[in-house]
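Novice: Input file: protein06.pdb. Contents: PDB, C-alpha atoms.
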MODEL        1
ATOM      1  CA  SER A   1    -169.295 240.607 162.348  1.00  0.00           C
ATOM      2  CA  MET A   2    -171.762 241.813 165.003  1.00  0.00           C
ATOM      3  CA  PRO A   3    -172.191 240.484 168.563  1.00  0.00           C
ATOM      4  CA  LEU A   4    -175.090 238.157 169.251  1.00  0.00           C
ATOM      5  CA  THR A   5    -177.963 240.124 170.761  1.00  0.00           C
ATOM      6  CA  LYS A   6    -180.284 238.827 173.458  1.00  0.00           C
ATOM      7  CA  ARG A   7    -183.227 239.410 171.125  1.00  0.00           C
ATOM      8  CA  ALA A   8    -181.730 237.139 168.476  1.00  0.00           C
ATOM      9  CA  ALA A   9    -180.903 234.491 171.085  1.00  0.00           C
ATOM     10  CA  LEU A  10    -184.474 234.527 172.414  1.00  0.00           C
ATOM     11  CA  LYS A  11    -185.833 234.153 168.884  1.00  0.00           C
ATOM     12  CA  CYS A  12    -183.651 231.075 168.403  1.00  0.00           C
ATOM     13  CA  LEU A  13    -184.860 229.621 171.704  1.00  0.00           C
ATOM     14  CA  ALA A  14    -188.510 230.186 170.758  1.00  0.00           C
ATOM     15  CA  ARG A  15    -187.993 228.548 167.372  1.00  0.00           C
ATOM     16  CA  THR A  16    -186.650 225.335 168.936  1.00  0.00           C
ATOM     17  CA  ALA A  17    -190.274 224.440 169.720  1.00  0.00           C
ATOM     18  CA  PHE A  18    -191.017 224.188 165.984  1.00  0.00           C
ATOM     19  CA  VAL A  19    -187.938 222.344 164.740  1.00  0.00           C
ATOM     20  CA  ASN A  20    -189.833 219.181 163.798  1.00  0.00           C
ATOM     21  CA  ALA A  21    -192.408 221.049 161.699  1.00  0.00           C
ATOM     22  CA  ALA A  22    -190.211 220.586 158.616  1.00  0.00           C
ATOM     23  CA  MET A  23    -188.846 217.069 159.170  1.00  0.00           C
ATOM     24  CA  THR A  24    -187.682 215.216 156.065  1.00  0.00           C
ATOM     25  CA  ALA A  25    -186.689 211.598 155.619  1.00  0.00           C
ATOM     26  CA  ARG A  26    -183.316 212.547 154.164  1.00  0.00           C
ATOM     27  CA  GLY A  27    -182.190 215.550 156.198  1.00  0.00           C
ATOM     28  CA  MET A  28    -184.326 214.961 159.322  1.00  0.00           C
ATOM     29  CA  GLN A  29    -184.088 218.297 161.240  1.00  0.00           C
ATOM     30  CA  GLN A  30    -181.902 219.944 158.594  1.00  0.00           C
ATOM     31  CA  ILE A  31    -184.469 222.566 157.521  1.00  0.00           C
ATOM     32  CA  GLY A  32    -185.735 223.089 161.052  1.00  0.00           C
ATOM     33  CA  LEU A  33    -182.248 223.659 162.454  1.00  0.00           C
ATOM     34  CA  SER A  34    -181.509 226.323 159.839  1.00  0.00           C
ATOM     35  CA  TYR A  35    -184.808 227.982 160.745  1.00  0.00           C
ATOM     36  CA  VAL A  36    -183.869 227.898 164.445  1.00  0.00           C
ATOM     37  CA  LEU A  37    -180.405 229.389 163.894  1.00  0.00           C
ATOM     38  CA  ALA A  38    -181.396 231.976 161.273  1.00  0.00           C
ATOM     39  CA  PRO A  39    -181.960 234.970 163.634  1.00  0.00           C
ATOM     40  CA  ALA A  40    -178.558 234.488 165.278  1.00  0.00           C
ATOM     41  CA  LEU A  41    -176.674 233.879 162.039  1.00  0.00           C
ATOM     42  CA  ARG A  42    -178.153 237.020 160.474  1.00  0.00           C
ATOM     43  CA  CYS A  43    -177.134 238.930 163.596  1.00  0.00           C
ATOM     44  CA  LEU A  44    -173.571 237.585 163.670  1.00  0.00           C
ATOM     45  CA  TYR A  45    -172.822 237.816 159.934  1.00  0.00           C
ATOM     46  CA  THR A  46    -173.771 241.002 158.129  1.00  0.00           C
ATOM     47  CA  ASP A  47    -171.775 240.187 154.983  1.00  0.00           C
ATOM     48  CA  PRO A  48    -173.849 238.123 152.496  1.00  0.00           C
ATOM     49  CA  VAL A  49    -170.905 235.887 151.644  1.00  0.00           C
ATOM     50  CA  THR A  50    -170.057 234.939 155.230  1.00  0.00           C
ATOM     51  CA  LEU A  51    -173.758 234.580 156.016  1.00  0.00           C
ATOM     52  CA  GLY A  52    -174.144 232.150 153.128  1.00  0.00           C
ATOM     53  CA  GLN A  53    -171.135 230.189 154.367  1.00  0.00           C
ATOM     54  CA  ALA A  54    -172.639 230.038 157.844  1.00  0.00           C
ATOM     55  CA  PHE A  55    -175.933 228.632 156.540  1.00  0.00           C
ATOM     56  CA  ALA A  56    -174.000 226.176 154.370  1.00  0.00           C
ATOM     57  CA  ARG A  57    -172.491 224.650 157.512  1.00  0.00           C
ATOM     58  CA  TYR A  58    -175.959 223.340 158.366  1.00  0.00           C
ATOM     59  CA  ALA A  59    -176.917 222.089 154.921  1.00  0.00           C
ATOM     60  CA  GLY A  60    -176.353 218.434 155.814  1.00  0.00           C
ATOM     61  CA  HIS A  61    -178.257 215.856 157.827  1.00  0.00           C
ATOM     62  CA  SER A  62    -179.069 216.893 161.388  1.00  0.00           C
ATOM     63  CA  ASN A  63    -181.044 215.184 164.130  1.00  0.00           C
ATOM     64  CA  THR A  64    -181.113 215.310 167.914  1.00  0.00           C
ATOM     65  CA  HIS A  65    -183.673 214.766 170.660  1.00  0.00           C
ATOM     66  CA  VAL A  66    -186.226 217.557 170.632  1.00  0.00           C
ATOM     67  CA  PHE A  67    -185.906 218.200 174.393  1.00  0.00           C
ATOM     68  CA  MET A  68    -182.121 218.504 174.054  1.00  0.00           C
ATOM     69  CA  LEU A  69    -182.366 220.802 171.040  1.00  0.00           C
ATOM     70  CA  PRO A  70    -182.172 224.058 173.077  1.00  0.00           C
ATOM     71  CA  ALA A  71    -178.892 222.875 174.631  1.00  0.00           C
ATOM     72  CA  TYR A  72    -177.637 221.845 171.187  1.00  0.00           C
ATOM     73  CA  THR A  73    -178.630 225.230 169.770  1.00  0.00           C
ATOM     74  CA  GLY A  74    -176.839 227.006 172.607  1.00  0.00           C
ATOM     75  CA  LEU A  75    -173.654 225.061 171.896  1.00  0.00           C
ATOM     76  CA  LEU A  76    -173.810 225.858 168.189  1.00  0.00           C
ATOM     77  CA  LEU A  77    -174.421 229.558 168.785  1.00  0.00           C
ATOM     78  CA  SER A  78    -171.555 229.705 171.265  1.00  0.00           C
ATOM     79  CA  MET A  79    -169.211 228.308 168.629  1.00  0.00           C
ATOM     80  CA  GLU A  80    -170.670 230.551 165.917  1.00  0.00           C
ATOM     81  CA  GLU A  81    -169.903 233.584 168.089  1.00  0.00           C
ATOM     82  CA  GLN A  82    -166.293 232.454 168.353  1.00  0.00           C
ATOM     83  CA  ILE A  83    -166.112 231.761 164.605  1.00  0.00           C
ATOM     84  CA  ALA A  84    -167.546 235.214 163.841  1.00  0.00           C
ATOM     85  CA  GLY A  85    -164.978 236.740 166.180  1.00  0.00           C
ATOM     86  CA  GLY A  86    -162.102 234.859 164.565  1.00  0.00           C
ATOM     87  CA  VAL A  87    -161.374 232.774 167.683  1.00  0.00           C
ATOM     88  CA  LEU A  88    -162.327 229.423 166.156  1.00  0.00           C
ATOM     89  CA  PRO A  89    -162.016 228.120 162.592  1.00  0.00           C
ATOM     90  CA  ALA A  90    -165.274 227.076 160.949  1.00  0.00           C
ATOM     91  CA  SER A  91    -163.873 223.580 160.395  1.00  0.00           C
ATOM     92  CA  VAL A  92    -164.083 222.890 164.146  1.00  0.00           C
ATOM     93  CA  LEU A  93    -167.856 223.341 164.163  1.00  0.00           C
ATOM     94  CA  THR A  94    -168.247 221.245 161.022  1.00  0.00           C
ATOM     95  CA  SER A  95    -166.382 218.340 162.608  1.00  0.00           C
ATOM     96  CA  LEU A  96    -168.136 218.581 166.007  1.00  0.00           C
ATOM     97  CA  ARG A  97    -171.706 219.272 164.906  1.00  0.00           C
ATOM     98  CA  THR A  98    -172.704 215.676 164.159  1.00  0.00           C
ATOM     99  CA  THR A  99    -170.945 214.336 167.253  1.00  0.00           C
ATOM    100  CA  LEU A 100    -172.720 216.832 169.502  1.00  0.00           C
ATOM    101  CA  ALA A 101    -176.108 216.043 167.959  1.00  0.00           C
ATOM    102  CA  THR A 102    -175.607 212.291 168.363  1.00  0.00           C
ATOM    103  CA  THR A 103    -174.391 212.582 171.960  1.00  0.00           C
ATOM    104  CA  LEU A 104    -177.243 214.817 173.083  1.00  0.00           C
ATOM    105  CA  SER A 105    -179.744 212.672 171.186  1.00  0.00           C
ATOM    106  CA  ALA A 106    -178.565 209.557 173.020  1.00  0.00           C
ATOM    107  CA  LEU A 107    -178.905 211.330 176.389  1.00  0.00           C
ATOM    108  CA  GLY A 108    -182.356 212.620 175.506  1.00  0.00           C
ATOM    109  CA  ASP A 109    -183.583 209.258 174.230  1.00  0.00           C
ATOM    110  CA  ALA A 110    -182.343 207.464 177.350  1.00  0.00           C
ATOM    111  CA  PHE A 111    -183.523 209.962 179.958  1.00  0.00           C
ATOM    112  CA  PHE A 112    -186.654 211.586 178.541  1.00  0.00           C
ATOM    113  CA  SER A 113    -188.058 208.962 176.162  1.00  0.00           C
ATOM    114  CA  GLY A 114    -186.667 205.849 177.820  1.00  0.00           C
ATOM    115  CA  SER A 115    -187.356 206.583 181.485  1.00  0.00           C
ATOM    116  CA  MET A 116    -189.046 209.870 182.423  1.00  0.00           C
ATOM    117  CA  ARG A 117    -191.923 209.622 179.953  1.00  0.00           C
ATOM    118  CA  THR A 118    -192.624 206.111 181.218  1.00  0.00           C
ATOM    119  CA  PHE A 119    -192.377 207.363 184.821  1.00  0.00           C
ATOM    120  CA  TRP A 120    -194.951 210.072 184.073  1.00  0.00           C
ATOM    121  CA  ALA A 121    -197.334 207.615 182.353  1.00  0.00           C
ATOM    122  CA  LEU A 122    -197.122 204.977 185.084  1.00  0.00           C
ATOM    123  CA  THR A 123    -197.578 207.541 187.856  1.00  0.00           C
ATOM    124  CA  CYS A 124    -200.662 208.942 186.147  1.00  0.00           C
ATOM    125  CA  VAL A 125    -202.090 205.444 185.598  1.00  0.00           C
ATOM    126  CA  PHE A 126    -201.512 204.638 189.267  1.00  0.00           C
ATOM    127  CA  LEU A 127    -203.175 207.873 190.404  1.00  0.00           C
ATOM    128  CA  LEU A 128    -206.118 207.485 188.020  1.00  0.00           C
ATOM    129  CA  LEU A 129    -206.762 203.899 189.121  1.00  0.00           C
ATOM    130  CA  GLU A 130    -207.062 205.266 192.651  1.00  0.00           C
ATOM    131  CA  GLY A 131    -209.485 207.933 191.435  1.00  0.00           C
ATOM    132  CA  ASN A 132    -207.035 210.801 191.898  1.00  0.00           C
ATOM    133  CA  ILE A 133    -207.782 212.767 188.731  1.00  0.00           C
ATOM    134  CA  TRP A 134    -206.666 216.201 189.936  1.00  0.00           C
ATOM    135  CA  PRO A 135    -203.354 214.985 191.406  1.00  0.00           C
ATOM    136  CA  ALA A 136    -202.584 213.317 188.058  1.00  0.00           C
ATOM    137  CA  ALA A 137    -203.356 216.543 186.206  1.00  0.00           C
ATOM    138  CA  ILE A 138    -201.288 218.640 188.635  1.00  0.00           C
ATOM    139  CA  PHE A 139    -198.400 216.166 188.423  1.00  0.00           C
ATOM    140  CA  THR A 140    -198.492 216.442 184.632  1.00  0.00           C
ATOM    141  CA  LEU A 141    -198.472 220.245 184.745  1.00  0.00           C
ATOM    142  CA  ILE A 142    -195.536 220.208 187.174  1.00  0.00           C
ATOM    143  CA  LEU A 143    -193.482 217.968 184.895  1.00  0.00           C
ATOM    144  CA  LEU A 144    -194.332 220.099 181.853  1.00  0.00           C
ATOM    145  CA  SER A 145    -193.249 223.223 183.744  1.00  0.00           C
ATOM    146  CA  ILE A 146    -189.976 221.593 184.792  1.00  0.00           C
ATOM    147  CA  LEU A 147    -189.387 220.548 181.186  1.00  0.00           C
ATOM    148  CA  GLN A 148    -189.831 224.103 179.914  1.00  0.00           C
ATOM    149  CA  ILE A 149    -187.527 225.439 182.628  1.00  0.00           C
ATOM    150  CA  PHE A 150    -184.952 222.837 181.625  1.00  0.00           C
ATOM    151  CA  ARG A 151    -185.173 223.893 177.981  1.00  0.00           C
ATOM    152  CA  VAL A 152    -184.584 227.561 178.813  1.00  0.00           C
ATOM    153  CA  VAL A 153    -181.839 226.963 181.389  1.00  0.00           C
ATOM    154  CA  SER A 154    -179.968 224.424 179.223  1.00  0.00           C
ATOM    155  CA  PHE A 155    -180.057 226.815 176.255  1.00  0.00           C
ATOM    156  CA  PHE A 156    -178.514 229.768 178.107  1.00  0.00           C
ATOM    157  CA  PHE A 157    -176.117 227.549 180.075  1.00  0.00           C
ATOM    158  CA  CYS A 158    -174.689 226.032 176.877  1.00  0.00           C
ATOM    159  CA  LEU A 159    -174.715 229.411 175.124  1.00  0.00           C
ATOM    160  CA  THR A 160    -172.730 230.953 177.977  1.00  0.00           C
ATOM    161  CA  HIS A 161    -170.252 228.144 178.651  1.00  0.00           C
ATOM    162  CA  GLY A 162    -169.957 226.559 175.196  1.00  0.00           C
ATOM    163  CA  ILE A 163    -168.176 223.218 174.952  1.00  0.00           C
ATOM    164  CA  ALA A 164    -167.232 223.465 178.636  1.00  0.00           C
ATOM    165  CA  ALA A 165    -170.925 222.828 179.413  1.00  0.00           C
ATOM    166  CA  LEU A 166    -170.437 219.225 178.259  1.00  0.00           C
ATOM    167  CA  ARG A 167    -168.196 218.586 181.258  1.00  0.00           C
ATOM    168  CA  TRP A 168    -171.048 219.465 183.595  1.00  0.00           C
ATOM    169  CA  ILE A 169    -173.474 217.311 181.609  1.00  0.00           C
ATOM    170  CA  ARG A 170    -171.040 214.425 181.911  1.00  0.00           C
ATOM    171  CA  SER A 171    -170.669 214.975 185.670  1.00  0.00           C
ATOM    172  CA  VAL A 172    -174.433 214.584 186.116  1.00  0.00           C
ATOM    173  CA  ASP A 173    -174.005 210.897 185.168  1.00  0.00           C
ATOM    174  CA  VAL A 174    -177.236 210.579 183.207  1.00  0.00           C
ATOM    175  CA  PRO A 175    -176.969 206.763 182.701  1.00  0.00           C
ATOM    176  CA  THR A 176    -177.061 206.236 186.474  1.00  0.00           C
ATOM    177  CA  TRP A 177    -180.179 208.382 186.834  1.00  0.00           C
ATOM    178  CA  VAL A 178    -181.771 206.532 183.929  1.00  0.00           C
ATOM    179  CA  GLU A 179    -181.145 203.212 185.674  1.00  0.00           C
ATOM    180  CA  ARG A 180    -182.600 204.498 188.943  1.00  0.00           C
ATOM    181  CA  THR A 181    -185.670 205.867 187.191  1.00  0.00           C
ATOM    182  CA  LYS A 182    -186.266 202.564 185.420  1.00  0.00           C
ATOM    183  CA  ILE A 183    -186.146 200.756 188.771  1.00  0.00           C
ATOM    184  CA  CYS A 184    -188.759 203.221 190.058  1.00  0.00           C
ATOM    185  CA  ASN A 185    -190.806 202.487 186.948  1.00  0.00           C
ATOM    186  CA  ALA A 186    -190.642 198.785 187.714  1.00  0.00           C
ATOM    187  CA  LEU A 187    -191.945 199.467 191.230  1.00  0.00           C
ATOM    188  CA  LEU A 188    -194.751 201.575 189.770  1.00  0.00           C
ATOM    189  CA  ILE A 189    -195.674 198.710 187.445  1.00  0.00           C
ATOM    190  CA  CYS A 190    -195.716 196.464 190.485  1.00  0.00           C
ATOM    191  CA  LEU A 191    -198.072 198.793 192.375  1.00  0.00           C
ATOM    192  CA  THR A 192    -200.289 199.255 189.324  1.00  0.00           C
ATOM    193  CA  LEU A 193    -200.576 195.504 188.789  1.00  0.00           C
ATOM    194  CA  TRP A 194    -201.409 195.063 192.454  1.00  0.00           C
ATOM    195  CA  ILE A 195    -204.294 197.522 192.189  1.00  0.00           C
ATOM    196  CA  MET A 196    -205.563 196.027 188.928  1.00  0.00           C
ATOM    197  CA  LEU A 197    -205.329 192.427 190.158  1.00  0.00           C
ATOM    198  CA  ASP A 198    -206.201 192.975 193.804  1.00  0.00           C
ATOM    199  CA  ALA A 199    -209.521 191.175 193.593  1.00  0.00           C
ATOM    200  CA  GLY A 200    -208.083 188.264 191.643  1.00  0.00           C
ATOM    201  CA  LEU A 201    -205.015 187.912 193.874  1.00  0.00           C
ATOM    202  CA  SER A 202    -207.093 187.483 197.009  1.00  0.00           C
ATOM    203  CA  GLY A 203    -207.756 183.848 196.199  1.00  0.00           C
ATOM    204  CA  TRP A 204    -204.145 182.991 195.367  1.00  0.00           C
ATOM    205  CA  SER A 205    -201.628 181.467 197.726  1.00  0.00           C
ATOM    206  CA  LEU A 206    -199.127 183.739 199.447  1.00  0.00           C
ATOM    207  CA  PRO A 207    -196.122 182.505 197.362  1.00  0.00           C
ATOM    208  CA  THR A 208    -198.065 183.211 194.151  1.00  0.00           C
ATOM    209  CA  GLN A 209    -198.957 186.724 195.272  1.00  0.00           C
ATOM    210  CA  ALA A 210    -195.371 187.427 196.323  1.00  0.00           C
ATOM    211  CA  ALA A 211    -193.923 186.073 193.035  1.00  0.00           C
ATOM    212  CA  THR A 212    -196.379 188.082 190.930  1.00  0.00           C
ATOM    213  CA  VAL A 213    -195.767 191.343 192.767  1.00  0.00           C
ATOM    214  CA  ALA A 214    -191.984 190.988 193.060  1.00  0.00           C
ATOM    215  CA  PHE A 215    -191.250 189.708 189.556  1.00  0.00           C
ATOM    216  CA  VAL A 216    -191.250 193.037 187.676  1.00  0.00           C
ATOM    217  CA  PRO A 217    -188.892 195.029 189.966  1.00  0.00           C
ATOM    218  CA  LEU A 218    -186.585 192.035 190.386  1.00  0.00           C
ATOM    219  CA  ALA A 219    -186.475 191.526 186.617  1.00  0.00           C
ATOM    220  CA  ALA A 220    -185.648 195.208 186.085  1.00  0.00           C
ATOM    221  CA  LEU A 221    -182.860 194.975 188.678  1.00  0.00           C
ATOM    222  CA  VAL A 222    -181.396 191.835 187.104  1.00  0.00           C
ATOM    223  CA  VAL A 223    -181.482 193.247 183.574  1.00  0.00           C
ATOM    224  CA  GLY A 224    -180.125 196.659 184.619  1.00  0.00           C
ATOM    225  CA  ARG A 225    -177.373 195.533 186.995  1.00  0.00           C
ATOM    226  CA  LEU A 226    -176.377 192.077 185.750  1.00  0.00           C
ATOM    227  CA  HIS A 227    -177.204 192.677 182.071  1.00  0.00           C
ATOM    228  CA  VAL A 228    -179.067 189.383 181.814  1.00  0.00           C
ATOM    229  CA  PRO A 229    -180.659 189.026 178.339  1.00  0.00           C
ATOM    230  CA  ARG A 230    -184.310 190.042 178.291  1.00  0.00           C
ATOM    231  CA  LEU A 231    -185.166 186.806 176.461  1.00  0.00           C
ATOM    232  CA  ILE A 232    -184.299 184.841 179.606  1.00  0.00           C
ATOM    233  CA  ILE A 233    -186.499 187.112 181.721  1.00  0.00           C
ATOM    234  CA  TRP A 234    -189.419 186.698 179.330  1.00  0.00           C
ATOM    235  CA  THR A 235    -188.942 182.912 179.394  1.00  0.00           C
ATOM    236  CA  LEU A 236    -189.055 182.932 183.193  1.00  0.00           C
ATOM    237  CA  ALA A 237    -192.169 185.099 183.115  1.00  0.00           C
ATOM    238  CA  LEU A 238    -193.934 182.715 180.747  1.00  0.00           C
ATOM    239  CA  GLY A 239    -192.910 179.786 182.940  1.00  0.00           C
ATOM    240  CA  LEU A 240    -194.284 181.572 186.004  1.00  0.00           C
ATOM    241  CA  LEU A 241    -197.583 182.254 184.258  1.00  0.00           C
ATOM    242  CA  PHE A 242    -197.785 178.636 183.133  1.00  0.00           C
ATOM    243  CA  LEU A 243    -197.302 177.371 186.704  1.00  0.00           C
ATOM    244  CA  ILE A 244    -199.952 179.769 187.952  1.00  0.00           C
ATOM    245  CA  SER A 245    -202.409 178.692 185.259  1.00  0.00           C
ATOM    246  CA  GLN A 246    -201.798 175.025 186.122  1.00  0.00           C
ATOM    247  CA  GLY A 247    -202.140 175.628 189.831  1.00  0.00           C
ATOM    248  CA  GLY A 248    -198.498 174.789 190.464  1.00  0.00           C
ATOM    249  CA  LEU A 249    -198.045 177.809 192.729  1.00  0.00           C
ATOM    250  CA  ASN A 250    -201.575 177.946 193.977  1.00  0.00           C
ATOM    251  CA  GLY A 251    -201.689 174.983 196.228  1.00  0.00           C
TER     252      GLY A 251
ENDMDL
END
Kindly return the structure encoded in the file as structure tokens.
Specialist:
Amino acid sequence: SMPLTKRAALKCLARTAFVNAAMTARGMQQIGLSYVLAPALRCLYTDPVTLGQAFARYAGHSNTHVFMLPAYTGLLLSMEEQIAGGVLPASVLTSLRTTLATTLSALGDAFFSGSMRTFWALTCVFLLLEGNIWPAAIFTLILLSILQIFRVVSFFFCLTHGIAALRWIRSVDVPTWVERTKICNALLICLTLWIMLDAGLSGWSLPTQAATVAFVPLAALVVGRLHVPRLIIWTLALGLLFLISQGGLNG
């Protein structure tokens, strides 16, 4: 076997941007992952037999969040280096691969798709409603730059530290940050609604204005902290709207 070169590692990192170009309903990112890992596997395994065995390890279903894919790739390459060097048996990677993909996918779905993307959208809506076009564009560019930095840093961090990198990821406590971001999102919804309904709210009573503005962040806090079913929150919201429409809170 040969050591993994920086050139091969950089090729793998660059290819992570195209992993979803060959998505299939059955294998999901199966083809894309093999494409991503190909430069490193060809570098690590010069023997055709061992190279074929290495590619065969990724012949099954594979899927993880696209923003977490560089970290996932770094973990896989770290283990492949150890397998090529005879430190780890190939069976370890086979048993851990699906677990790693699922874990990182859950983190990516919760943080990026479930909270940060919403935070970006709501912030831009708020800025645009105030006529701040350039700040919204600059904010978007800043987040995109941070995302690319995260992709590069997470790739090399996981490649360098291997499975030990998961301990650091766990110490970050992503679920807590997701909950905090969702509370911020609720406040942004509140501010956005205030701007959109400012003219209409001027004729409402003070309790109606307070209930309308405070409902969204309070509902997010109750659902997030107390785990109250969302159905109950929606029922309360409909009841509040009904009272407003009937003038029950407008007297």
Novice: Write out as a list in words each polymer residue whose atoms come within 12 Å of range 162-168 of chain A, counting only C-alpha atoms; drop sequence neighbours fewer than 4 positions from it.
Specialist: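 The residues that qualify are Ala71, Tyr72, Thr73, Gly74, Leu75, Leu76, Leu77, Ser78, Met79, Glu80, Glu81, Gln82, Val92, Leu93, Leu96, Arg97, Leu100, Thr103, Leu104, Leu107, Val153, Ser154, Phe155, Phe156, Phe157, Cys158, Val172, Asp173 and Val174 of chain A.
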Novice: Rounded to one decimal, what separation in Å do you get between CA of Arg26 in chain A and CA of Asn63 in chain A?
Specialist: 10.6 Å
Novice: Expanded to explicit residues, what is the PyMOL selection byres ((chain A and resi 46-61) around 10) for this file, as a PyMOL selection string?
Specialist: chain A and resi 1-2+24-31+33-35+37-38+41-45+62-63+80+83-84+90-91+93-94+97-98
Novice: Quick one: write out the picked residues with C-alpha atoms as a PDB file, in the coordinates of the input?
Specialist:
ATOM      1  CA  SER A   1    -169.295 240.607 162.348  1.00  0.00           C
ATOM      2  CA  MET A   2    -171.762 241.813 165.003  1.00  0.00           C
ATOM      3  CA  THR A  24    -187.682 215.216 156.065  1.00  0.00           C
ATOM      4  CA  ALA A  25    -186.689 211.598 155.619  1.00  0.00           C
ATOM      5  CA  ARG A  26    -183.316 212.547 154.164  1.00  0.00           C
ATOM      6  CA  GLY A  27    -182.190 215.550 156.198  1.00  0.00           C
ATOM      7  CA  MET A  28    -184.326 214.961 159.322  1.00  0.00           C
ATOM      8  CA  GLN A  29    -184.088 218.297 161.240  1.00  0.00           C
ATOM      9  CA  GLN A  30    -181.902 219.944 158.594  1.00  0.00           C
ATOM     10  CA  ILE A  31    -184.469 222.566 157.521  1.00  0.00           C
ATOM     11  CA  LEU A  33    -182.248 223.659 162.454  1.00  0.00           C
ATOM     12  CA  SER A  34    -181.509 226.323 159.839  1.00  0.00           C
ATOM     13  CA  TYR A  35    -184.808 227.982 160.745  1.00  0.00           C
ATOM     14  CA  LEU A  37    -180.405 229.389 163.894  1.00  0.00           C
ATOM     15  CA  ALA A  38    -181.396 231.976 161.273  1.00  0.00           C
ATOM     16  CA  LEU A  41    -176.674 233.879 162.039  1.00  0.00           C
ATOM     17  CA  ARG A  42    -178.153 237.020 160.474  1.00  0.00           C
ATOM     18  CA  CYS A  43    -177.134 238.930 163.596  1.00  0.00           C
ATOM     19  CA  LEU A  44    -173.571 237.585 163.670  1.00  0.00           C
ATOM     20  CA  TYR A  45    -172.822 237.816 159.934  1.00  0.00           C
ATOM     21  CA  SER A  62    -179.069 216.893 161.388  1.00  0.00           C
ATOM     22  CA  ASN A  63    -181.044 215.184 164.130  1.00  0.00           C
ATOM     23  CA  GLU A  80    -170.670 230.551 165.917  1.00  0.00           C
ATOM     24  CA  ILE A  83    -166.112 231.761 164.605  1.00  0.00           C
ATOM     25  CA  ALA A  84    -167.546 235.214 163.841  1.00  0.00           C
ATOM     26  CA  ALA A  90    -165.274 227.076 160.949  1.00  0.00           C
ATOM     27  CA  SER A  91    -163.873 223.580 160.395  1.00  0.00           C
ATOM     28  CA  LEU A  93    -167.856 223.341 164.163  1.00  0.00           C
ATOM     29  CA  THR A  94    -168.247 221.245 161.022  1.00  0.00           C
ATOM     30  CA  ARG A  97    -171.706 219.272 164.906  1.00  0.00           C
ATOM     31  CA  THR A  98    -172.704 215.676 164.159  1.00  0.00           C
TER      32      THR A  98
END
Novice: At what distance in Å, to one decimal, does CA of Phe119 in chain A lie from CA of Cys184 in chain A?
Specialist: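 If I compute the distance from CA of Cys184 in chain A to CA of Phe119 in chain A, I get 7.6 Å.
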Novice: To one decimal place in Å, what is the distance between CA of Cys190 in chain A and CA of Ile232 in chain A?
Specialist: 19.6 Å
Novice: Could you give me range 50-59 of chain A completed to N, CA, C and O atoms, formatted as a PDB file, in the frame of the given file?
Specialist:
ATOM      1  N   THR A  50    -170.285 235.671 153.987  1.00  0.00           N
ATOM      2  CA  THR A  50    -170.057 234.939 155.230  1.00  0.00           C
ATOM      3  C   THR A  50    -171.363 234.383 155.795  1.00  0.00           C
ATOM      4  O   THR A  50    -171.373 233.303 156.407  1.00  0.00           O
ATOM      5  N   LEU A  51    -172.459 235.086 155.568  1.00  0.00           N
ATOM      6  CA  LEU A  51    -173.758 234.580 156.016  1.00  0.00           C
ATOM      7  C   LEU A  51    -174.126 233.312 155.246  1.00  0.00           C
ATOM      8  O   LEU A  51    -174.597 232.335 155.831  1.00  0.00           O
ATOM      9  N   GLY A  52    -173.889 233.338 153.934  1.00  0.00           N
ATOM     10  CA  GLY A  52    -174.144 232.150 153.128  1.00  0.00           C
ATOM     11  C   GLY A  52    -173.273 230.979 153.553  1.00  0.00           C
ATOM     12  O   GLY A  52    -173.727 229.831 153.590  1.00  0.00           O
ATOM     13  N   GLN A  53    -172.035 231.246 153.893  1.00  0.00           N
ATOM     14  CA  GLN A  53    -171.135 230.189 154.367  1.00  0.00           C
ATOM     15  C   GLN A  53    -171.607 229.624 155.697  1.00  0.00           C
ATOM     16  O   GLN A  53    -171.493 228.414 155.932  1.00  0.00           O
ATOM     17  N   ALA A  54    -172.132 230.497 156.550  1.00  0.00           N
ATOM     18  CA  ALA A  54    -172.639 230.038 157.844  1.00  0.00           C
ATOM     19  C   ALA A  54    -173.841 229.118 157.664  1.00  0.00           C
ATOM     20  O   ALA A  54    -173.921 228.046 158.287  1.00  0.00           O
ATOM     21  N   PHE A  55    -174.782 229.495 156.800  1.00  0.00           N
ATOM     22  CA  PHE A  55    -175.933 228.632 156.540  1.00  0.00           C
ATOM     23  C   PHE A  55    -175.502 227.321 155.881  1.00  0.00           C
ATOM     24  O   PHE A  55    -176.095 226.266 156.127  1.00  0.00           O
ATOM     25  N   ALA A  56    -174.475 227.385 155.055  1.00  0.00           N
ATOM     26  CA  ALA A  56    -174.000 226.176 154.370  1.00  0.00           C
ATOM     27  C   ALA A  56    -173.460 225.143 155.351  1.00  0.00           C
ATOM     28  O   ALA A  56    -173.465 223.941 155.051  1.00  0.00           O
ATOM     29  N   ARG A  57    -173.005 225.588 156.512  1.00  0.00           N
ATOM     30  CA  ARG A  57    -172.491 224.650 157.512  1.00  0.00           C
ATOM     31  C   ARG A  57    -173.587 223.742 158.059  1.00  0.00           C
ATOM     32  O   ARG A  57    -173.300 222.697 158.653  1.00  0.00           O
ATOM     33  N   TYR A  58    -174.834 224.127 157.850  1.00  0.00           N
ATOM     34  CA  TYR A  58    -175.959 223.340 158.366  1.00  0.00           C
ATOM     35  C   TYR A  58    -176.803 222.757 157.235  1.00  0.00           C
ATOM     36  O   TYR A  58    -177.976 222.427 157.441  1.00  0.00           O
ATOM     37  N   ALA A  59    -176.191 222.584 156.090  1.00  0.00           N
ATOM     38  CA  ALA A  59    -176.917 222.089 154.921  1.00  0.00           C
ATOM     39  C   ALA A  59    -177.042 220.573 154.912  1.00  0.00           C
ATOM     40  O   ALA A  59    -177.791 220.023 154.112  1.00  0.00           O
TER      41      ALA A  59
END
